[in-house]
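Trainee: I'd like to ask some things about the structure below.
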Amino acid sequence: MPELPEVETTVAGIKPYLIDTMIERLVIRQPQLRWPVTQGIEDTAKGLKIENVSRRAKYILISLTTGSFLIHLGMSGSLRLITNTDLLKKHDHIQMHLSNGHVLTFHDPRRFGCWLWSKYDHALLEKLGPEPLSSNFSGEYLWNKARKRKAPVKSFIMDSRIVVGVGNIYANEALFESGIKPQRRAGKISFKRYEVLAENIKVILSSAIEQGGTTLRDFTNSKGEPGYFEQSLSVYGRAGKACVKCNQPLKEIRLAQRSSVFCRSCQS
DNA sequence: CTTTCAGCCTGACGGC
DNA sequence: TGCCGTCAGGCTGAAA
C-alpha cells in the first residue's frame, strides 16, 4: 500500500512530465472512489496549464491556474504515465491527457483513493499535523502533544492530526527501532524516548524515500510503482518469526483494528 | 475534549 | 476446480 515514501516518489516521478503542460482532456471512467469524483471536472480542467505538482501528507496536489486536484492513492492506488496507444488495464479509473502526449493514469482496484477538485483550499488538508521530515516535528513536539493522552502510542503517532504520513508499516518499524511497546499509553512515555522515536521516524521514512529514488528509473513504464518494496522490514509482516535483535518470536496484537507486531523483550 | 468504530472496496488466500 | 468466507488496510466522520 502506498505509504508516504511511495507518494513522495510518485510525485518526483510524474512532476517533470506534468509541469507547464496543458490538460487536453480528462476522462473519468469510474467516478465512484472513496468519495465521488468532483462532478464536472472534465470541463473545468480542459485547456488548463499545470503549474505545480506537490505532496502534503499522503495527498498529491496538482495545481492548475484556477484550482487544484487533490489525489489520494488509498490502499491500492497508483499513478503512471502512458501514451495514447497503450492498452488500458482493469481499474484504470481516470486518465488525464496532456499536450505533450503523456497520459497520466489513475489505477485503483480497491477504490479507497480519491480525485477531488477545489478552487481554493481543500478541506481535507485543514486539520493535518506537521510533516514528519520537517523541523516542526521533533521529540519535544510529540512529548508536548502526548500530555494526558491515554491512547496507545502507536495510534497516537498514526493520528494525522498529530503527525502525517506515518502509516501502519512505518509505525510498527519505528516503535521497534525505538524499543517502545506499541500499546504503551502515549502520555506515559518520557521526553527522552520521544526524542528517539521522532528521530527513528525521520530516519526510516527518509531512507525509504531514498531507496525509492534510487530504484526509480523511468516513471513512464507500465508499472507506475516505485520498486523499493524489497526493503527489509524488521517486524511488519513477521509475526511469529524471530526478532532480528534477540531471536525471540515476535508477537502480534491488534490496536485500533490494525495489526501491530513487536518484540516482547526488546520493546517496553 | 478524547477515543472508538463503521464503512468504503477488491483481490488474495485458505478450507472444503 | 470453484465457491465462499475472511482478511487486509488509510482515512474520515459519526458515535460514545
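Following the order of the C-alpha cells, first chain is A, next is B, and so on, with residues numbered from 1 inside each chain and ligands from 1 in the order they appear.
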Tell me the residues of chain B close to chain A, meaning within 6 Å using only C-alpha atoms (C1' of nucleotides), as a PyMOL selection string.
Mentor: chain B and resi 8-10
Trainee: Write the residues of the selection above to a file with all heavy atoms, as an mmCIF file, in the first residue's frame.
Mentor:
```
data_model
loop_
_atom_site.group_PDB
_atom_site.id
_atom_site.type_symbol
_atom_site.label_atom_id
_atom_site.label_comp_id
_atom_site.auth_asym_id
_atom_site.auth_seq_id
_atom_site.Cartn_x
_atom_site.Cartn_y
_atom_site.Cartn_z
ATOM 1 P P DC B 8 -20.721 1.277 2.935
ATOM 2 O OP1 DC B 8 -21.957 1.958 2.552
ATOM 3 O OP2 DC B 8 -20.670 -0.180 3.163
ATOM 4 O "O5'" DC B 8 -19.618 1.613 1.840
ATOM 5 C "C5'" DC B 8 -19.300 2.979 1.565
ATOM 6 C "C4'" DC B 8 -17.874 3.063 1.158
ATOM 7 O "O4'" DC B 8 -17.026 2.776 2.269
ATOM 8 C "C3'" DC B 8 -17.462 2.027 0.101
ATOM 9 O "O3'" DC B 8 -17.552 2.630 -1.175
ATOM 10 C "C2'" DC B 8 -16.007 1.691 0.464
ATOM 11 C "C1'" DC B 8 -15.755 2.477 1.741
ATOM 12 N N1 DC B 8 -14.982 1.758 2.780
ATOM 13 C C2 DC B 8 -13.869 2.371 3.346
ATOM 14 O O2 DC B 8 -13.563 3.504 2.959
ATOM 15 N N3 DC B 8 -13.159 1.716 4.282
ATOM 16 C C4 DC B 8 -13.529 0.496 4.674
ATOM 17 N N4 DC B 8 -12.804 -0.106 5.596
ATOM 18 C C5 DC B 8 -14.667 -0.152 4.116
ATOM 19 C C6 DC B 8 -15.353 0.511 3.179
ATOM 20 P P DC B 9 -18.111 1.799 -2.375
ATOM 21 O OP1 DC B 9 -18.442 2.741 -3.430
ATOM 22 O OP2 DC B 9 -19.092 0.771 -1.947
ATOM 23 O "O5'" DC B 9 -16.755 1.088 -2.765
ATOM 24 C "C5'" DC B 9 -16.776 -0.220 -3.132
ATOM 25 C "C4'" DC B 9 -15.362 -0.705 -3.235
ATOM 26 O "O4'" DC B 9 -14.715 -0.695 -1.969
ATOM 27 C "C3'" DC B 9 -15.330 -2.130 -3.701
ATOM 28 O "O3'" DC B 9 -15.257 -2.091 -5.113
ATOM 29 C "C2'" DC B 9 -14.070 -2.689 -3.061
ATOM 30 C "C1'" DC B 9 -13.786 -1.756 -1.896
ATOM 31 N N1 DC B 9 -13.915 -2.357 -0.549
ATOM 32 C C2 DC B 9 -12.754 -2.814 0.101
ATOM 33 O O2 DC B 9 -11.679 -2.729 -0.499
ATOM 34 N N3 DC B 9 -12.865 -3.342 1.339
ATOM 35 C C4 DC B 9 -14.050 -3.408 1.939
ATOM 36 N N4 DC B 9 -14.106 -3.927 3.164
ATOM 37 C C5 DC B 9 -15.232 -2.963 1.300
ATOM 38 C C6 DC B 9 -15.119 -2.442 0.064
ATOM 39 P P DT B 10 -15.574 -3.386 -5.937
ATOM 40 O OP1 DT B 10 -15.865 -2.945 -7.306
ATOM 41 O OP2 DT B 10 -16.506 -4.217 -5.168
ATOM 42 O "O5'" DT B 10 -14.164 -4.131 -5.924
ATOM 43 C "C5'" DT B 10 -13.037 -3.490 -6.489
ATOM 44 C "C4'" DT B 10 -11.827 -4.322 -6.168
ATOM 45 O "O4'" DT B 10 -11.700 -4.454 -4.751
ATOM 46 C "C3'" DT B 10 -11.875 -5.723 -6.751
ATOM 47 O "O3'" DT B 10 -10.682 -5.875 -7.478
ATOM 48 C "C2'" DT B 10 -11.963 -6.650 -5.542
ATOM 49 C "C1'" DT B 10 -11.403 -5.797 -4.409
ATOM 50 N N1 DT B 10 -12.004 -6.009 -3.062
ATOM 51 C C2 DT B 10 -11.163 -6.154 -1.973
ATOM 52 O O2 DT B 10 -9.951 -6.163 -2.066
ATOM 53 N N3 DT B 10 -11.802 -6.313 -0.771
ATOM 54 C C4 DT B 10 -13.164 -6.320 -0.541
ATOM 55 O O4 DT B 10 -13.609 -6.460 0.583
ATOM 56 C C5 DT B 10 -13.984 -6.149 -1.716
ATOM 57 C C7 DT B 10 -15.468 -6.152 -1.576
ATOM 58 C C6 DT B 10 -13.379 -6.007 -2.908
#
```
Trainee: Give me the residues of chain A that have any atom at most 10 Å from an atom of chain C; for each, the nearest atom pair and the distance in Å, rounded to one decimal. Use only C-alpha atoms (C1' of nucleotides), sort by chain and number, and format it as a Markdown table.
Mentor:
```
| residue | atom | partner | partner_atom | distance |
| --- | --- | --- | --- | --- |
| A:Met1 | CA | C:DG9 | C1' | 7.9 |
| A:Pro2 | CA | C:DG10 | C1' | 9.3 |
| A:Glu3 | CA | C:DG10 | C1' | 9.3 |
| A:Arg34 | CA | C:DC11 | C1' | 9.6 |
| A:Lys58 | CA | C:DG10 | C1' | 9.5 |
| A:His72 | CA | C:DG10 | C1' | 9.5 |
| A:Leu73 | CA | C:DG10 | C1' | 9.1 |
| A:Gly74 | CA | C:DG10 | C1' | 5.9 |
| A:Met75 | CA | C:DG9 | C1' | 6.1 |
| A:Ser76 | CA | C:DG9 | C1' | 9.1 |
| A:Phe112 | CA | C:DG10 | C1' | 7.9 |
| A:Gly113 | CA | C:DG10 | C1' | 8.9 |
| A:Leu124 | CA | C:DT12 | C1' | 9.1 |
| A:Asp159 | CA | C:DC11 | C1' | 9.8 |
| A:Ser160 | CA | C:DC11 | C1' | 9.0 |
| A:Gly167 | CA | C:DG10 | C1' | 7.8 |
| A:Asn168 | CA | C:DG9 | C1' | 8.8 |
| A:Gln257 | CA | C:DG9 | C1' | 9.6 |
| A:Arg258 | CA | C:DG9 | C1' | 8.1 |
| A:Ser259 | CA | C:DA8 | C1' | 9.4 |
```
Trainee: Residues of the last selection are to be written out with C-alpha atoms, as a short mmCIF file (atom, residue, chain, number, x, y, z; two decimals), in the first residue's frame.
Mentor:
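Full text of result-v7.cif as output:
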```cif
data_model
loop_
_atom_site.label_atom_id
_atom_site.label_comp_id
_atom_site.auth_asym_id
_atom_site.auth_seq_id
_atom_site.Cartn_x
_atom_site.Cartn_y
_atom_site.Cartn_z
CA MET A 1 0.00 0.00 0.00
CA PRO A 2 1.27 3.43 -0.76
CA GLU A 3 2.94 4.91 2.28
CA ARG A 34 -13.77 6.79 -1.73
CA LYS A 58 -0.09 11.29 1.53
CA HIS A 72 -5.03 10.13 -2.64
CA LEU A 73 -3.84 6.65 -3.59
CA GLY A 74 -5.71 4.95 -0.75
CA MET A 75 -4.77 1.32 -0.26
CA SER A 76 -4.16 0.18 -3.78
CA PHE A 112 -10.10 3.71 -1.48
CA GLY A 113 -8.36 6.57 -3.22
CA LEU A 124 -9.12 17.54 3.85
CA ASP A 159 -3.09 10.11 14.03
CA SER A 160 -2.75 12.55 11.13
CA GLY A 167 1.28 4.51 8.21
CA ASN A 168 0.93 1.13 9.85
CA GLN A 257 -8.09 -2.67 14.30
CA ARG A 258 -4.56 -2.56 12.99
CA SER A 259 -2.03 -5.33 13.04
#
```
Trainee: Report the residues of stretch 71-184 of chain A whose backbone DSSP state falls under helix (DSSP H, G or I), written as a list in words.
Mentor: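 The residues of stretch 71-184 of chain A classed as helix (DSSP H, G or I) are Ala123, Leu124, Leu125, Gly139, Glu140, Tyr141, Leu142, Trp143, Asn144, Lys145, Ala146, Val153, Lys154, Ser155, Phe156, Ile157, Asn168, Ile169, Tyr170, Ala171, Asn172, Glu173, Ala174, Leu175, Phe176, Glu177 and Ser178 of chain A.
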Trainee: Enumerate as a list of chain:residue names all residues of stretch 81-202 of chain A assigned to strand (DSSP E or B) by DSSP on the backbone, naming them with the chain letters and numbers the document uses.
Mentor: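 Taking stretch 81-202 of chain A and keeping strand (DSSP E or B) gives A:Leu81, A:Ile82, A:Thr83, A:Asp92, A:His93, A:Ile94, A:Gln95, A:Met96, A:His97, A:Leu98, A:His102, A:Val103, A:Leu104, A:Thr105, A:Phe106, A:His107, A:Cys114, A:Trp115, A:Leu116, A:Trp117, A:Ser118, A:Pro152, A:Arg185.
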Trainee: Between atom CA of A:Arg80 and atom CA of A:Val163, what is the spacing in Å?
Mentor: 27.8 Å
Trainee: Which polymer residues have any atom within 12 Å of an atom of A:Glu126, counting only C-alpha atoms (C1' of nucleotides), with same-chain residues fewer than 5 positions away left out, as a CSV table (one decimal) with all heavy atoms, in the first residue's frame?
Mentor:
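Result file is around.csv:
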```
chain,number,residue,atom,x,y,z
A,56,ARG,N,1.3,16.8,0.2
A,56,ARG,CA,1.1,17.2,1.6
A,56,ARG,C,0.5,15.9,2.2
A,56,ARG,O,-0.5,15.4,1.8
A,56,ARG,CB,0.1,18.3,1.6
A,56,ARG,CG,-0.4,18.7,3.0
A,56,ARG,CD,0.7,19.4,3.8
A,56,ARG,NE,0.2,19.8,5.1
A,56,ARG,CZ,0.6,19.3,6.3
A,56,ARG,NH1,1.4,18.3,6.3
A,56,ARG,NH2,0.1,19.7,7.4
A,57,ALA,N,1.2,15.4,3.3
A,57,ALA,CA,0.8,14.1,3.9
A,57,ALA,C,0.9,13.1,2.8
A,57,ALA,O,1.9,13.1,2.0
A,57,ALA,CB,-0.6,14.2,4.6
A,120,TYR,N,-10.2,26.5,-4.2
A,120,TYR,CA,-9.4,27.1,-3.2
A,120,TYR,C,-8.6,26.1,-2.3
A,120,TYR,O,-8.0,25.2,-2.9
A,120,TYR,CB,-10.2,28.0,-2.3
A,120,TYR,CG,-11.1,29.0,-3.1
A,120,TYR,CD1,-12.4,28.8,-3.3
A,120,TYR,CD2,-10.4,30.1,-3.7
A,120,TYR,CE1,-13.2,29.7,-4.1
A,120,TYR,CE2,-11.2,31.0,-4.5
A,120,TYR,CZ,-12.5,30.8,-4.7
A,120,TYR,OH,-13.3,31.6,-5.4
A,121,ASP,N,-8.7,26.1,-1.0
A,121,ASP,CA,-8.1,25.2,-0.2
A,121,ASP,C,-8.9,23.9,0.0
A,121,ASP,O,-10.1,24.0,0.1
A,121,ASP,CB,-7.7,25.8,1.2
A,121,ASP,CG,-6.7,26.9,1.0
A,121,ASP,OD1,-5.9,26.9,0.1
A,121,ASP,OD2,-6.8,27.9,1.8
A,160,SER,N,-3.2,11.5,12.1
A,160,SER,CA,-2.7,12.6,11.1
A,160,SER,C,-2.9,14.0,11.7
A,160,SER,O,-2.3,14.9,11.2
A,160,SER,CB,-3.5,12.4,9.8
A,160,SER,OG,-4.8,12.7,10.0
A,161,ARG,N,-3.6,14.1,12.8
A,161,ARG,CA,-3.6,15.5,13.4
A,161,ARG,C,-2.4,15.7,14.2
A,161,ARG,O,-2.0,16.8,14.6
A,161,ARG,CB,-4.9,15.6,14.3
A,161,ARG,CG,-6.2,15.7,13.4
A,161,ARG,CD,-7.4,15.4,14.2
A,161,ARG,NE,-7.3,14.1,14.9
A,161,ARG,CZ,-8.3,13.5,15.6
A,161,ARG,NH1,-9.4,14.2,15.8
A,161,ARG,NH2,-8.1,12.4,16.2
```
Trainee: Quick one: residues within 12 Å of A:Glu173, only C-alpha atoms (C1' of nucleotides) counted, chain neighbours fewer than 5 positions away excluded, as a VMD selection string?
Mentor: chain A and resid 154 166 to 168 178 to 182 197 200 to 205 208 231 to 238 244 260 to 263 267
